[in-house]
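Below: run.tsv (TSV, C-alpha atoms)
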chain	number	residue	atom	x	y	z
A	7	MET	CA	131.86	165.96	68.93
A	8	GLU	CA	129.21	164.38	66.77
A	9	GLU	CA	125.67	164.64	67.87
A	10	TYR	CA	124.06	161.35	68.76
A	11	HIS	CA	120.83	160.70	66.90
A	12	ARG	CA	118.81	158.01	68.50
A	13	PRO	CA	117.08	155.64	66.09
A	14	CYS	CA	113.57	157.02	66.03
A	15	ASP	CA	111.44	154.20	64.77
A	16	GLU	CA	108.85	154.65	67.44
A	17	VAL	CA	107.63	157.71	69.26
A	18	GLY	CA	106.45	157.60	72.81
A	19	PHE	CA	106.62	154.99	75.48
A	20	ASN	CA	105.92	151.39	74.53
A	21	ALA	CA	103.65	150.28	77.33
A	22	GLU	CA	103.17	146.74	76.07
A	23	GLU	CA	106.84	145.98	76.07
A	24	ALA	CA	107.21	147.32	79.60
A	25	HIS	CA	104.16	145.35	80.69
A	26	ASN	CA	105.70	142.09	79.49
A	27	ILE	CA	109.04	142.83	81.07
A	28	VAL	CA	107.54	143.63	84.44
A	29	LYS	CA	105.17	140.69	84.39
A	30	GLU	CA	108.08	138.34	83.82
A	31	CYS	CA	110.01	139.84	86.71
A	32	VAL	CA	107.10	139.52	89.10
A	33	ASP	CA	106.40	135.94	88.01
A	34	GLY	CA	110.02	135.12	88.57
A	35	VAL	CA	110.21	136.56	92.06
A	36	LEU	CA	106.78	135.81	93.48
A	37	GLY	CA	105.66	132.84	91.40
A	38	GLY	CA	104.83	129.92	93.64
A	39	GLU	CA	105.58	131.80	96.86
A	40	ASP	CA	103.23	132.42	99.74
A	41	TYR	CA	103.05	135.64	101.65
A	42	ASN	CA	105.86	135.76	104.16
A	43	GLN	CA	106.57	138.71	106.39
A	44	ASN	CA	110.28	137.99	106.51
A	45	ASN	CA	110.86	137.87	102.79
A	46	ILE	CA	108.58	140.63	101.68
A	47	ASN	CA	111.23	143.32	101.85
A	48	GLN	CA	113.57	141.30	99.73
A	49	TRP	CA	110.90	140.46	97.19
A	50	THR	CA	109.77	144.01	96.59
A	51	ALA	CA	113.38	145.09	96.28
A	52	SER	CA	114.14	142.36	93.73
A	53	ILE	CA	111.02	143.00	91.70
A	54	VAL	CA	111.78	146.66	91.44
A	55	GLU	CA	115.48	146.26	90.76
A	56	GLN	CA	115.05	143.56	88.16
A	57	SER	CA	112.31	145.49	86.37
A	58	LEU	CA	114.47	148.56	86.31
A	59	ALA	CA	117.47	146.64	85.01
A	60	HIS	CA	115.45	145.09	82.19
A	61	LEU	CA	113.88	148.39	81.25
A	62	VAL	CA	117.29	149.99	81.04
A	63	LYS	CA	118.49	147.19	78.77
A	64	LEU	CA	115.95	148.38	76.20
A	65	GLY	CA	118.40	151.17	75.63
A	66	LYS	CA	115.85	153.95	75.33
A	67	ALA	CA	116.46	157.48	76.54
A	68	TYR	CA	114.07	157.46	79.48
A	69	LYS	CA	114.15	158.13	83.19
A	70	TYR	CA	112.17	155.43	85.00
A	71	ILE	CA	110.19	155.33	88.22
A	72	VAL	CA	109.04	151.88	89.29
A	73	THR	CA	106.79	151.41	92.31
A	74	CYS	CA	105.65	148.13	93.73
A	75	ALA	CA	102.97	147.41	96.33
A	76	VAL	CA	102.53	143.93	97.74
A	77	VAL	CA	99.46	143.29	99.86
A	78	GLN	CA	98.49	140.22	101.76
A	79	ARG	CA	95.24	138.83	100.38
A	80	SER	CA	92.55	139.50	102.88
A	81	ALA	CA	89.08	140.90	103.15
A	82	TYR	CA	90.46	144.39	103.32
A	83	GLY	CA	90.25	146.94	100.56
A	84	PHE	CA	93.08	148.78	98.86
A	85	HIS	CA	93.01	151.64	96.34
A	86	THR	CA	95.70	153.36	94.34
A	87	ALA	CA	95.60	156.33	92.01
A	88	SER	CA	98.18	158.39	90.22
A	89	SER	CA	98.17	161.75	88.58
A	90	CYS	CA	100.90	162.95	86.24
A	91	PHE	CA	101.98	166.29	84.90
A	92	TRP	CA	104.12	165.64	81.83
A	93	ASP	CA	104.30	165.60	78.08
A	94	THR	CA	101.92	162.92	76.83
A	95	THR	CA	103.59	162.57	73.45
A	96	SER	CA	106.85	161.28	74.87
A	97	ASP	CA	106.15	160.07	78.40
A	98	GLY	CA	104.04	157.17	79.51
A	99	THR	CA	103.02	154.76	82.19
A	100	CYS	CA	102.22	151.10	82.55
A	101	THR	CA	100.64	149.15	85.40
A	102	VAL	CA	100.86	145.44	86.09
A	103	ARG	CA	98.53	143.67	88.48
A	104	TRP	CA	99.48	140.21	89.62
A	105	GLU	CA	97.95	137.91	92.16
A	106	ASN	CA	98.14	134.48	93.63
A	107	ARG	CA	96.43	132.67	96.44
A	108	THR	CA	97.98	134.64	99.28
A	109	MET	CA	98.93	138.02	97.92
A	110	ASN	CA	98.35	140.79	95.41
A	111	CYS	CA	101.05	142.79	93.72
A	112	ILE	CA	100.70	146.07	91.83
A	113	VAL	CA	103.65	147.45	89.90
A	114	ASN	CA	103.59	150.90	88.29
A	115	VAL	CA	106.15	152.01	85.77
A	116	PHE	CA	106.45	155.69	84.85
A	117	ALA	CA	108.79	156.64	82.01
A	118	ILE	CA	109.86	160.20	81.34
A	119	ALA	CA	111.72	161.01	78.18
A	120	ILE	CA	115.14	162.58	78.18
A	121	VAL	CA	115.65	164.91	75.28
A	122	LEU	CA	119.12	164.36	73.93
B	130	MET	CA	89.23	140.74	97.94
B	131	ALA	CA	87.83	144.19	97.34
B	132	GLU	CA	90.59	145.84	95.43
B	133	ARG	CA	90.41	148.58	92.92
B	134	HIS	CA	93.17	150.13	90.91
B	135	ASN	CA	92.56	153.45	89.30
B	136	SER	CA	94.91	155.51	87.26
B	137	LYS	CA	94.57	158.73	85.38
B	138	GLN	CA	96.79	161.09	83.45
B	139	LEU	CA	96.79	164.79	82.97
B	140	ALA	CA	97.98	166.00	79.60
B	141	TRP	CA	100.29	168.96	79.36
B	142	ARG	CA	100.96	170.18	75.85
B	143	LEU	CA	103.56	172.48	74.46
B	144	GLU	CA	101.51	173.51	71.47
B	145	GLN	CA	98.95	176.27	71.62
B	146	SER	CA	96.20	174.45	69.80
B	147	ALA	CA	93.74	172.67	71.97
B	148	GLU	CA	93.27	169.01	71.34
B	149	ASN	CA	90.87	167.34	73.67
B	150	SER	CA	91.37	163.67	74.06
B	151	HIS	CA	88.50	161.26	74.09
B	152	SER	CA	87.71	160.69	77.72
B	153	GLU	CA	85.33	158.76	79.90
B	154	PRO	CA	82.01	160.42	80.83
B	155	GLU	CA	83.62	161.77	83.97
B	156	GLY	CA	86.29	163.68	82.05
B	157	GLN	CA	86.50	167.43	82.16
B	158	SER	CA	88.82	169.92	80.55
B	159	ARG	CA	89.93	173.43	81.21
B	160	GLU	CA	92.15	175.77	79.29
B	161	ASN	CA	94.39	178.61	80.31
B	162	GLU	CA	96.58	180.83	78.24
B	163	VAL	CA	99.46	178.52	77.41
B	164	SER	CA	98.49	174.99	78.33
B	165	VAL	CA	95.58	172.71	77.85
B	166	SER	CA	94.76	170.13	80.43
B	167	THR	CA	92.43	167.25	80.10
B	168	VAL	CA	91.40	164.85	82.79
B	169	SER	CA	90.39	161.34	82.01
B	170	HIS	CA	89.63	158.53	84.39
B	171	SER	CA	90.17	154.97	83.45
B	172	ASP	CA	90.14	151.74	85.36
B	173	GLU	CA	92.53	150.02	83.04
B	174	PRO	CA	96.15	150.92	82.37
B	175	SER	CA	95.63	153.90	80.16
B	176	GLN	CA	95.96	153.78	76.43
B	177	ARG	CA	97.70	156.69	74.83
B	178	ASP	CA	95.49	159.54	73.74
B	179	GLU	CA	95.04	159.88	70.04
B	180	THR	CA	97.20	162.95	69.67
B	181	SER	CA	99.99	164.03	67.40
B	182	ARG	CA	102.98	161.75	67.54
B	183	LEU	CA	105.48	164.21	66.19
B	184	THR	CA	108.36	164.81	68.55
B	185	VAL	CA	108.79	168.41	69.56
B	186	ARG	CA	112.28	169.67	69.08
B	187	VAL	CA	113.15	172.38	71.55
B	188	GLU	CA	116.03	174.79	71.33
B	189	ASN	CA	119.12	174.33	73.39
B	190	THR	CA	118.91	176.28	76.63
B	191	TYR	CA	122.58	175.78	77.55
B	192	GLN	CA	121.43	175.15	81.09
B	193	LEU	CA	123.25	172.41	82.94
B	194	GLY	CA	120.82	172.02	85.81
B	195	PRO	CA	117.75	173.46	87.42
B	196	THR	CA	117.91	177.10	88.49
B	197	LYS	CA	115.44	176.41	91.25
B	198	HIS	CA	115.51	173.03	93.00
B	199	PHE	CA	112.41	171.17	94.01
B	200	PRO	CA	111.41	172.14	97.57
B	201	VAL	CA	110.95	168.78	99.24
B	202	ALA	CA	110.03	170.15	102.66
B	203	THR	CA	107.31	172.43	101.28
B	204	VAL	CA	105.82	169.57	99.32
B	205	ASN	CA	105.91	167.34	102.40
B	206	HIS	CA	103.79	169.93	104.17
B	207	ILE	CA	101.39	170.09	101.26
B	208	LEU	CA	100.97	166.31	101.35
B	209	LYS	CA	100.43	166.35	105.08
B	210	ASP	CA	97.85	169.12	104.86
B	211	VAL	CA	95.90	167.60	102.01
B	212	LEU	CA	95.79	164.10	103.46
B	213	THR	CA	94.83	165.29	106.92
B	214	ALA	CA	92.17	167.62	105.59
B	215	TYR	CA	90.50	165.00	103.45
B	216	LEU	CA	90.89	161.93	105.60
B	217	GLN	CA	90.99	162.97	109.24
B	218	GLU	CA	87.38	162.09	109.95
B	219	ALA	CA	86.97	159.49	107.24
B	220	GLU	CA	85.94	155.91	107.71
B	221	TYR	CA	87.01	153.30	105.21
B	222	ASP	CA	84.36	152.76	102.57
B	223	PRO	CA	85.07	151.26	99.12
B	224	GLU	CA	83.22	153.81	97.01
B	225	PHE	CA	84.34	156.74	99.08
B	226	CYS	CA	87.97	155.73	99.01
B	227	ARG	CA	87.82	154.96	95.32
B	228	GLN	CA	86.73	158.51	94.63
B	229	MET	CA	89.05	159.93	97.26
B	230	THR	CA	92.23	158.48	95.78
B	231	LYS	CA	91.48	160.15	92.47
B	232	THR	CA	90.45	163.43	94.04
B	233	ILE	CA	93.40	163.61	96.40
B	234	SER	CA	95.94	162.93	93.67
B	235	GLU	CA	94.42	165.69	91.53
B	236	VAL	CA	94.39	168.13	94.42
B	237	ILE	CA	97.99	167.42	95.38
B	238	LYS	CA	99.10	167.83	91.78
B	239	ALA	CA	97.27	171.13	91.49
B	240	GLN	CA	98.84	172.45	94.67
B	241	VAL	CA	102.34	171.41	93.71
B	242	LYS	CA	101.84	172.97	90.28
B	243	GLU	CA	100.98	176.22	92.01
B	244	LEU	CA	104.47	176.33	93.45
B	245	MET	CA	105.52	177.05	89.88
B	246	ILE	CA	108.83	175.21	89.91
B	247	PRO	CA	110.01	175.59	86.33
B	248	ARG	CA	110.96	172.62	84.13
B	249	TYR	CA	109.82	169.94	86.56
B	250	LYS	CA	107.50	167.11	85.58
B	251	LEU	CA	105.40	165.66	88.37
B	252	ILE	CA	104.07	162.23	89.19
B	253	VAL	CA	101.72	161.96	92.15
B	254	THR	CA	100.70	158.55	93.45
B	255	VAL	CA	98.22	157.93	96.23
B	256	TYR	CA	97.55	154.63	98.01
B	257	ILE	CA	94.62	154.23	100.38
B	258	GLY	CA	93.87	151.01	102.19
B	259	GLN	CA	91.75	149.65	104.94
B	260	ARG	CA	93.68	149.26	108.11
B	261	ASP	CA	93.42	146.21	110.26
B	262	CYS	CA	95.90	143.45	110.81
B	263	GLN	CA	96.88	142.83	107.22
B	264	SER	CA	100.39	143.40	106.06
B	265	ILE	CA	101.43	145.58	103.17
B	266	LEU	CA	104.71	146.76	101.77
B	267	ILE	CA	105.06	149.53	99.18
B	268	GLY	CA	108.42	150.29	97.63
B	269	SER	CA	109.84	152.15	94.66
B	270	ARG	CA	113.08	152.55	92.77
B	271	CYS	CA	113.92	155.31	90.39
B	272	LEU	CA	116.43	155.62	87.62
B	273	TRP	CA	117.15	159.32	87.26
B	274	ASN	CA	119.62	162.07	87.95
B	275	PRO	CA	119.79	162.41	91.73
B	276	LYS	CA	121.18	165.92	91.56
B	277	SER	CA	118.04	167.31	90.02
B	278	ASP	CA	115.28	164.75	90.61
B	279	THR	CA	113.68	163.90	93.90
B	280	VAL	CA	110.76	162.33	95.71
B	281	SER	CA	108.56	163.50	98.54
B	282	SER	CA	106.32	161.24	100.59
B	283	TYR	CA	103.86	161.21	103.50
B	284	VAL	CA	101.88	158.52	105.32
B	285	PHE	CA	98.63	159.29	107.06
B	286	ARG	CA	96.91	156.89	109.46
B	287	ASN	CA	93.68	156.93	111.35
B	288	SER	CA	91.72	154.22	113.09
B	289	THR	CA	90.21	152.63	109.97
B	290	LEU	CA	92.46	153.53	107.09
B	291	PHE	CA	95.94	154.46	106.02
B	292	ALA	CA	96.98	156.64	103.11
B	293	LEU	CA	100.34	157.07	101.42
B	294	ALA	CA	101.05	159.92	99.01
B	295	ASN	CA	104.23	160.22	96.92
B	296	VAL	CA	105.31	163.02	94.66
B	297	TYR	CA	108.12	162.28	92.20
B	298	ALA	CA	109.65	165.36	90.59
B	299	VAL	CA	111.71	164.86	87.46
B	300	TYR	CA	113.71	167.66	85.89
B	301	PHE	CA	113.03	168.15	82.20
B	302	GLU	CA	116.38	168.58	80.50

As structure tokens, please, write out the structure in this file.
Amino acid sequence: MEEYHRPCDEVGFNAEEAHNIVKECVDGVLGGEDYNQNNINQWTASIVEQSLAHLVKLGKAYKYIVTCAVVQRSAYGFHTASSCFWDTTSDGTCTVRWENRTMNCIVNVFAIAIVL
Amino acid sequence: MAERHNSKQLAWRLEQSAENSHSEPEGQSRENEVSVSTVSHSDEPSQRDETSRLTVRVENTYQLGPTKHFPVATVNHILKDVLTAYLQEAEYDPEFCRQMTKTISEVIKAQVKELMIPRYKLIVTVYIGQRDCQSILIGSRCLWNPKSDTVSSYVFRNSTLFALANVYAVYFE
């Protein structure tokens, strides 16, 4: 069997590309919507699934972890932090913050390289 | 709305030579015999460190899967212990929680690393929020190999705040 050599024109995770992809997904799902308790489950699921599907379409050899937090806009504070133990040359992360009048959305994408 | 998003990365290198990345004033680094770790804090989605971009080619191990699987239950206990220890008596305060999220994620990562599960990469995420009548939903989806990769999670609540900690463990093939 021939060994598959992936076209190596760029090394490491392209955060900008992922950022654009995710931003489009979030705009598509939440754009123009107001916070609604009934739909929130569905929205987070679609954001995450669509982002994942688009990331996979890039065709790169990565495992992806996509997390999404949607918070109702209020006077209350919210903090997130992440800490990663990996190989910085090949793996990477990207975070997208999105907001509208009634809610805030934070999407994190973590990409871990698969060595073929 | 008072909202802060912090993220940080810990670098784990295969090479022996130490290369410290440029970090914010709060950064610190420590070195042990085979790996160099650097800590940098940034309030923006992190830019890649200016390090070597050469891909490391590793030899074939002929291993099909992990010899030792990730112990989800043990890690659940670790999360529970760490969150309870740090936040049991805490009141929500923006500066305090800002620092706490970073500290807690570092502590959890250090403790899970101590378990010495070989060939697993770790991602620890911590969410802390003020608790009172607002609604929040946090979800995640992962594209990975379910036989070897897994996630562990714990939610802590007290009267003024809630905290969610997730550990994603990905097998390095």

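For the residues A:Leu36, A:Met109, A:Val121, A:Ala59, ranking by smallest atom-to-atom distance to Tyr82 in chain A using all atoms listed in the file places A:Met109 first.
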
If you take all atoms listed in the file and a cut-off of 7 Å, which residues of range 74-99 of chain A touch range 230-254 of chain B, and what are their nearest atom pairs and distances in Å to one decimal, in chain and number order, as a Markdown table?
| residue | atom | partner | partner_atom | distance |
| --- | --- | --- | --- | --- |
| A:His85 | CA | B:Thr230 | CA | 6.9 |
| A:Thr86 | CA | B:Thr230 | CA | 6.4 |
| A:Ala87 | CA | B:Thr230 | CA | 5.5 |
| A:Ser88 | CA | B:Thr254 | CA | 4.1 |
| A:Ser89 | CA | B:Val253 | CA | 5.0 |
| A:Cys90 | CA | B:Ile252 | CA | 4.4 |
| A:Phe91 | CA | B:Leu251 | CA | 4.9 |
| A:Trp92 | CA | B:Lys250 | CA | 5.3 |

Could you take the residues named above and write them with C-alpha atoms, as a PDB file, in the frame of the given file?
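As written to disk, part04.pdb reads:
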ATOM      1  CA  HIS A  85      93.010 151.640  96.340  1.00  0.00           C
ATOM      2  CA  THR A  86      95.700 153.360  94.340  1.00  0.00           C
ATOM      3  CA  ALA A  87      95.600 156.330  92.010  1.00  0.00           C
ATOM      4  CA  SER A  88      98.180 158.390  90.220  1.00  0.00           C
ATOM      5  CA  SER A  89      98.170 161.750  88.580  1.00  0.00           C
ATOM      6  CA  CYS A  90     100.900 162.950  86.240  1.00  0.00           C
ATOM      7  CA  PHE A  91     101.980 166.290  84.900  1.00  0.00           C
ATOM      8  CA  TRP A  92     104.120 165.640  81.830  1.00  0.00           C
TER       9      TRP A  92
END

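Separating CA of Ser52 in chain A from CA of Ser269 in chain B is a distance of 10.7 Å.
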
Closest of A:Asn42, A:Leu64, A:Cys111, A:Ala51 to Ile27 in chain A - atom-to-atom distances counting all atoms listed in the file
A:Leu64

From the list B:Val296, B:Val255, B:Ala219, B:Val204, which residue is nearest chain A when using all atoms listed in the file?
B:Val255

Counting only C-alpha atoms, which residue out of A:Gly98, A:Asn45, A:Asp33, A:Glu55 sits closest to Tyr68 in chain A?
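Nearest candidate to Tyr68 in chain A out of A:Gly98, A:Asn45, A:Asp33, A:Glu55: A:Gly98.
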
Write out as a VMD selection string each polymer residue whose atoms come within 12 Å of Ser288 in chain B, counting only C-alpha atoms; drop sequence neighbours fewer than 6 positions from it.
chain B and resid 216 to 221 258 to 262
